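Structure file entry.cif with mmCIF, C-alpha atoms:
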```cif
data_upload
loop_
_atom_site.label_atom_id
_atom_site.label_comp_id
_atom_site.auth_asym_id
_atom_site.auth_seq_id
_atom_site.Cartn_x
_atom_site.Cartn_y
_atom_site.Cartn_z
CA MET Y 1 -13.18 21.53 12.75
CA GLY Y 2 -14.13 22.80 9.33
CA GLY Y 3 -14.44 19.61 7.32
CA VAL Y 4 -17.49 19.01 5.15
CA HIS Y 5 -18.93 16.38 7.50
CA ASP Y 6 -17.28 17.37 10.79
CA SER Y 7 -20.55 18.58 12.30
CA CYS Y 8 -22.31 15.25 11.58
CA GLY Y 9 -22.84 12.25 13.76
CA ALA Y 10 -20.65 9.22 13.09
CA VAL Y 11 -20.69 5.51 12.40
CA LEU Y 12 -17.64 3.87 13.97
CA THR Y 13 -16.69 0.33 12.93
CA LEU Y 14 -14.27 -1.90 14.86
CA THR Y 15 -12.53 -4.95 13.41
CA ALA Y 16 -10.22 -7.36 15.25
CA GLY Y 17 -6.83 -7.60 13.54
CA ALA Y 18 -3.66 -9.62 14.10
CA GLY Y 19 -3.43 -11.35 17.47
CA GLY Y 20 -6.05 -14.11 17.48
CA VAL Y 21 -8.32 -14.30 20.53
CA ASP Y 22 -6.42 -11.45 22.21
CA ALA Y 23 -7.20 -9.20 19.22
CA GLN Y 24 -10.90 -10.07 19.44
CA ASP Y 25 -10.88 -9.27 23.15
CA TRP Y 26 -9.04 -6.02 22.36
CA ALA Y 27 -11.70 -5.05 19.83
CA GLU Y 28 -14.36 -5.49 22.52
CA MET Y 29 -12.31 -3.38 24.95
CA LEU Y 30 -12.24 -0.61 22.34
CA LEU Y 31 -15.97 -0.96 21.78
CA ARG Y 32 -16.51 -0.36 25.49
CA MET Y 33 -14.08 2.57 25.44
CA TYR Y 34 -15.92 4.37 22.63
CA ARG Y 35 -19.32 3.73 24.17
CA ARG Y 36 -18.12 5.19 27.47
CA TRP Y 37 -16.64 8.22 25.66
CA ALA Y 38 -19.84 8.90 23.71
CA GLU Y 39 -22.24 8.29 26.58
CA GLY Y 40 -20.25 10.60 28.86
CA HIS Y 41 -19.76 13.38 26.29
CA PRO Y 42 -21.18 16.82 27.25
CA SER Y 43 -23.08 16.92 23.93
CA GLY Y 44 -25.21 13.99 25.07
CA TYR Y 45 -24.58 11.72 22.12
CA ARG Y 46 -27.11 8.98 21.36
CA VAL Y 47 -25.28 5.67 20.98
CA THR Y 48 -26.64 2.62 19.16
CA LEU Y 49 -24.92 -0.70 18.56
CA THR Y 50 -25.60 -1.24 14.85
CA GLU Y 51 -23.76 -4.53 14.34
CA ARG Y 52 -21.86 -7.04 16.46
CA THR Y 53 -20.17 -10.28 15.39
CA GLU Y 54 -19.02 -12.40 18.32
CA GLY Y 55 -15.49 -13.78 18.58
CA GLU Y 56 -14.77 -17.49 18.52
CA GLU Y 57 -13.67 -17.75 22.17
CA ALA Y 58 -13.97 -14.24 23.53
CA GLY Y 59 -14.48 -10.68 22.43
CA ILE Y 60 -15.76 -9.65 19.00
CA LYS Y 61 -14.68 -10.04 15.41
CA SER Y 62 -16.37 -6.77 14.47
CA ALA Y 63 -18.90 -4.23 15.68
CA ALA Y 64 -20.37 -0.90 14.60
CA LEU Y 65 -21.60 2.01 16.71
CA THR Y 66 -23.85 4.82 15.54
CA ILE Y 67 -23.03 7.96 17.52
CA ASP Y 68 -25.64 10.60 16.81
CA GLY Y 69 -24.98 14.17 17.84
CA PRO Y 70 -23.14 17.35 16.82
CA TYR Y 71 -19.49 17.01 15.77
CA ALA Y 72 -19.20 13.33 16.67
CA TYR Y 73 -17.57 12.70 13.29
CA GLY Y 74 -15.20 15.66 13.64
CA HIS Y 75 -14.00 14.45 17.04
CA LEU Y 76 -13.72 10.78 16.16
CA LYS Y 77 -11.58 11.37 13.07
CA ALA Y 78 -8.75 11.19 15.60
CA GLU Y 79 -9.54 7.51 16.16
CA ARG Y 80 -9.48 6.21 12.59
CA GLY Y 81 -6.68 3.68 12.09
CA THR Y 82 -5.01 0.76 13.84
CA HIS Y 83 -4.83 0.54 17.63
CA ARG Y 84 -2.14 -1.64 19.28
CA LEU Y 85 -2.39 -3.33 22.69
CA VAL Y 86 0.53 -4.82 24.64
CA ARG Y 87 -0.33 -6.79 27.79
CA LEU Y 88 0.10 -10.07 29.64
CA SER Y 89 -2.39 -12.27 27.83
CA PRO Y 90 -5.25 -13.70 29.93
CA PHE Y 91 -5.70 -16.32 27.20
CA ASN Y 92 -2.15 -17.68 27.42
CA ALA Y 93 -1.48 -20.39 30.02
CA ALA Y 94 2.05 -19.06 30.53
CA ASN Y 95 0.71 -15.49 30.90
CA LYS Y 96 3.16 -14.26 28.28
CA ARG Y 97 3.20 -10.74 26.90
CA GLN Y 98 1.02 -10.48 23.80
CA THR Y 99 0.68 -7.77 21.16
CA SER Y 100 -2.74 -7.40 19.56
CA PHE Y 101 -4.28 -5.09 16.98
CA ALA Y 102 -7.74 -3.75 16.12
CA GLY Y 103 -8.83 -1.41 13.35
CA VAL Y 104 -11.19 1.57 13.58
CA GLU Y 105 -13.07 2.85 10.52
CA LEU Y 106 -15.25 5.94 10.52
CA MET Y 107 -17.89 7.49 8.31
CA PRO Y 108 -20.32 10.40 8.72
CA LEU Y 109 -23.91 9.76 9.76
CA LEU Y 110 -25.88 11.33 6.92
CA GLY Y 111 -29.34 12.83 7.04
CA GLU Y 112 -31.95 11.92 4.43
CA GLU Y 113 -31.16 15.00 2.32
CA GLU Y 114 -27.44 14.25 2.15
CA ALA Y 115 -28.01 10.55 1.50
CA GLY Y 116 -30.31 11.51 -1.36
CA ARG Y 117 -27.39 13.19 -3.11
CA VAL Y 118 -25.86 9.79 -3.82
CA GLU Y 119 -27.61 7.50 -6.28
CA ILE Y 120 -26.57 3.85 -6.47
CA PRO Y 121 -27.93 1.60 -9.23
CA PRO Y 122 -29.62 -1.45 -7.65
CA ALA Y 123 -27.42 -3.68 -9.82
CA ASP Y 124 -24.36 -2.33 -7.98
CA LEU Y 125 -25.58 -3.67 -4.62
CA GLU Y 126 -25.46 -7.22 -3.33
CA VAL Y 127 -27.80 -7.62 -0.35
CA THR Y 128 -27.73 -10.73 1.82
CA THR Y 129 -29.63 -11.47 5.02
CA MET Y 130 -28.66 -13.46 8.09
CA ARG Y 131 -29.74 -14.10 11.64
CA ALA Y 132 -28.70 -11.39 14.06
CA GLY Y 133 -26.31 -12.52 16.79
CA GLY Y 134 -26.43 -11.75 20.47
CA ALA Y 135 -29.28 -10.62 22.65
CA GLY Y 136 -32.49 -9.30 21.23
CA GLY Y 137 -35.25 -11.79 21.83
CA GLN Y 138 -36.62 -14.75 19.96
CA ASN Y 139 -37.43 -12.82 16.80
CA VAL Y 140 -33.87 -11.53 16.43
CA ASN Y 141 -32.34 -14.97 16.72
CA LYS Y 142 -34.85 -16.96 14.62
CA VAL Y 143 -35.65 -14.55 11.78
CA GLU Y 144 -33.08 -13.27 9.28
CA THR Y 145 -33.32 -9.60 10.21
CA ALA Y 146 -29.61 -8.72 9.90
CA VAL Y 147 -28.50 -7.32 6.54
CA ARG Y 148 -25.14 -7.26 4.76
CA VAL Y 149 -24.72 -4.91 1.79
CA ARG Y 150 -21.79 -5.04 -0.61
CA HIS Y 151 -21.15 -2.27 -3.14
CA LEU Y 152 -19.85 -4.39 -6.00
CA PRO Y 153 -17.79 -1.79 -7.94
CA SER Y 154 -15.70 -0.84 -4.87
CA GLY Y 155 -15.94 -3.94 -2.67
CA LEU Y 156 -17.27 -1.77 0.19
CA VAL Y 157 -19.18 -3.87 2.76
CA VAL Y 158 -21.43 -2.77 5.63
CA ARG Y 159 -23.65 -4.72 8.01
CA CYS Y 160 -26.64 -3.73 10.12
CA GLN Y 161 -28.63 -5.67 12.70
CA GLN Y 162 -29.84 -2.95 15.07
CA GLU Y 163 -33.55 -3.08 14.09
CA ARG Y 164 -36.04 -5.94 14.33
CA SER Y 165 -37.17 -5.16 10.77
CA GLN Y 166 -35.12 -6.51 7.88
CA ALA Y 167 -36.37 -3.67 5.66
CA ARG Y 168 -35.22 -1.04 8.15
CA ASN Y 169 -31.80 -2.67 8.54
CA ARG Y 170 -31.46 -2.72 4.74
CA GLU Y 171 -32.31 0.99 4.60
CA ILE Y 172 -29.73 1.84 7.26
CA ALA Y 173 -27.03 -0.29 5.62
CA ILE Y 174 -27.55 1.35 2.22
CA SER Y 175 -27.39 4.76 3.87
CA MET Y 176 -24.04 3.74 5.39
CA VAL Y 177 -22.76 2.75 1.95
CA LYS Y 178 -23.83 6.13 0.59
CA ALA Y 179 -22.06 7.90 3.45
CA ARG Y 180 -18.74 6.29 2.62
CA MET Y 181 -19.13 6.99 -1.08
CA LEU Y 182 -20.05 10.64 -0.47
CA GLU Y 183 -17.11 11.07 1.87
CA ALA Y 184 -14.76 9.70 -0.79
CA MET Y 185 -16.24 11.77 -3.61
CA GLU Y 186 -16.09 15.02 -1.69
CA ALA Y 187 -12.47 14.32 -0.85
CA GLN Y 188 -11.90 13.84 -4.60
CA ARG Y 189 -10.90 10.24 -4.07
CA VAL Y 190 -13.57 8.53 -6.16
CA ASP Y 191 -10.99 6.25 -7.75
CA GLU Y 192 -9.84 5.13 -4.31
CA LEU Y 193 -13.15 3.72 -3.05
CA ALA Y 194 -11.67 0.24 -2.78
CA GLN Y 195 -9.19 1.57 -0.22
CA ILE Y 196 -11.92 2.61 2.23
CA ARG Y 197 -13.93 -0.63 2.17
CA GLY Y 198 -15.05 -1.91 5.55
CA GLU Y 199 -13.19 -5.23 5.46
CA ALA Y 200 -9.77 -3.96 4.40
CA ILE Y 201 -8.34 -2.60 7.65
CA ALA Y 202 -4.61 -3.30 7.92
CA ALA Y 203 -4.73 -3.90 11.67
CA GLU Y 204 -1.23 -5.27 12.09
CA TRP Y 205 2.33 -4.44 13.18
CA GLY Y 206 3.74 -1.17 11.89
CA GLN Y 207 0.35 0.35 11.05
CA GLN Y 208 -0.72 1.59 14.48
CA ILE Y 209 -1.76 5.16 15.17
CA ARG Y 210 -1.79 4.59 18.93
CA SER Y 211 -0.29 2.08 21.35
CA TYR Y 212 -1.77 1.01 24.68
CA VAL Y 213 0.86 -0.68 26.85
CA LEU Y 214 -0.29 -2.45 30.02
CA ALA Y 215 2.93 -4.45 30.65
CA PRO Y 216 5.79 -4.21 31.53
CA TYR Y 217 4.85 -0.55 32.16
CA LYS Y 218 1.66 1.49 31.62
CA MET Y 219 1.43 4.02 28.82
CA VAL Y 220 -0.87 5.14 26.02
CA LYS Y 221 0.92 7.03 23.25
CA ASP Y 222 -0.27 8.44 19.93
CA ALA Y 223 2.25 7.85 17.16
CA ARG Y 224 1.09 10.89 15.16
CA THR Y 225 0.93 13.63 17.78
CA GLY Y 226 3.26 12.27 20.45
CA HIS Y 227 0.58 12.82 23.09
CA GLU Y 228 0.87 10.26 25.89
CA THR Y 229 -0.37 9.39 29.36
CA PRO Y 230 0.36 6.65 31.93
CA GLN Y 231 -3.34 6.66 32.92
CA VAL Y 232 -4.20 3.67 30.76
CA GLN Y 233 -7.33 2.63 32.65
CA SER Y 234 -8.78 6.13 32.45
CA VAL Y 235 -8.32 6.10 28.68
CA LEU Y 236 -9.93 2.66 28.39
CA ASP Y 237 -12.80 4.04 30.48
CA GLY Y 238 -13.45 6.60 27.75
CA GLU Y 239 -11.34 9.60 28.73
CA LEU Y 240 -10.13 10.40 25.20
CA GLY Y 241 -10.28 14.19 25.36
CA GLY Y 242 -6.52 14.73 25.55
CA PHE Y 243 -5.85 12.52 22.53
CA ILE Y 244 -8.65 14.04 20.46
CA ASP Y 245 -7.59 17.62 21.25
CA ALA Y 246 -3.96 16.82 20.42
CA TYR Y 247 -5.01 15.25 17.10
CA LEU Y 248 -7.17 18.25 16.13
CA ARG Y 249 -4.25 20.62 16.80
CA TRP Y 250 -1.88 18.34 14.89
CA ALA Y 251 -4.26 18.01 11.92
CA ALA Y 252 -4.87 21.77 11.79
CA ALA Y 253 -1.11 22.46 11.77
CA ALA Y 254 -0.58 19.87 9.01
CA GLU Y 255 -3.32 21.51 6.93
CA ARG Y 256 -1.78 24.96 7.38
CA ASP Y 257 1.62 23.62 6.32
CA GLN Y 258 0.09 22.00 3.26
CA ARG Y 259 -1.62 25.23 2.21
CA ALA Y 260 1.61 27.15 2.73
CA GLU Y 261 3.51 24.73 0.50
CA GLY Y 262 0.89 25.08 -2.22
CA SER Y 263 0.85 28.88 -2.20
#
```
Spell out the structure here as structure tokens.
Amino acid sequence: MGGVHDSCGAVLTLTAGAGGVDAQDWAEMLLRMYRRWAEGHPSGYRVTLTERTEGEEAGIKSAALTIDGPYAYGHLKAERGTHRLVRLSPFNAANKRQTSFAGVELMPLLGEEEAGRVEIPPADLEVTTMRAGGAGGQNVNKVETAVRVRHLPSGLVVRCQQERSQARNREIAISMVKARMLEAMEAQRVDELAQIRGEAIAAEWGQQIRSYVLAPYKMVKDARTGHETPQVQSVLDGELGGFIDAYLRWAAAAERDQRAEGS
């Protein structure tokens, strides 16, 4: 892992895609999977739920995890994209097979020095406040402590509700905006900022990077590397090492091939 931000921590955002209530339940299953992976990692990652928006009947519409520790970003680059679930739906009276999708976005967790490298004019930011959802005590539910920040030129949106202080949530959210902008600029994709915005995940059929099949057979398979395992429950319990290692080897080979073509 030799990318500019590979050694950083990470902010991982989940968004339910096509599939209705099943997709929202699937997004929550992925949230659990990534928390289990991070909490059980040998590096001892510190995991914080930054934002969570509840689903209408079950699951979540979106959530964000801050995973603080060395090389969290470098490892989790393997997870960016659309994840597909096939199972017998617990929300269907006929128990029919259902296909659901959820999207994973990723950005580096920047330190103060790195965040200071990006300057954003206040006029380019739209900041709105709202009540934080879920558990957290009376203050969280009655006071508008949650913050939503939109970068107007690119359409990039981030949310934060992890702190009891609105000012602190605003600071964290703006830092997250800066992280995405810095990532884009250093990849020389400044003109493509709109394509990395938080609410534009194409979590639908044909876009998946990985499929998790629970019925009629059990299999998890990565569409990029071909790595697969029938141990679906182990993967959902956070055992992602095989998929991450396969992705890192695949990405390194692709980079070598690209350099060879350019030489």
> Y:Val21: which residues within 10 Å, counting only C-alpha atoms, same-chain residues fewer than 5 positions away excluded, as a list in words?
Replying inline: Ala16, Trp26, Ala27, Gly55, Glu56, Glu57, Ala58, Gly59, Ile60, Lys61, Ser89, Pro90, Phe91, Asn92 and Ser100 of chain Y
>> Given the point (-3.8, 1.0, 21.1) in the file's coordinates, find the residues that have an atom at most 9 Å from it, counting all atoms listed in the file, and give them as a list in words.
In response: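 The residues that fall inside the cut-off are Trp26, Leu30, Thr82, His83, Arg84, Leu85, Val86, Ser100, Phe101, Ala102, Gln208, Ile209, Arg210, Ser211, Tyr212, Val213, Val220, Lys221 and Asp222 of chain Y.
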> Taking the file as shown, what set of residues would the PyMOL selection byres ((chain Y and resi 104-107) around 7) give back, as a list in words?
Replying inline: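 Taken over the shown coordinates, the PyMOL selection byres ((chain Y and resi 104-107) around 7) returns Ala10, Val11, Leu12, Thr13, Leu14, Thr15, Glu79, Arg80, Gly81, Thr82, Ala102, Gly103, Pro108, Leu109, Ala179 and Arg180 of chain Y.
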>> To one decimal place in Å, what is the distance between atom CA of Y:Val177 and atom CA of Y:Val158?
In response: 6.8 Å
> Hey, can you check how far atom CA of Y:Arg52 sits from atom CA of Y:His5?
Replying inline: 25.2 Å
> What is the atom CA of Y:Pro216-atom CA of Y:Asp22 distance in Å, reported with one decimal?
Replying inline: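 Going from atom CA of Y:Pro216 over to atom CA of Y:Asp22, I get 17.0 Å.
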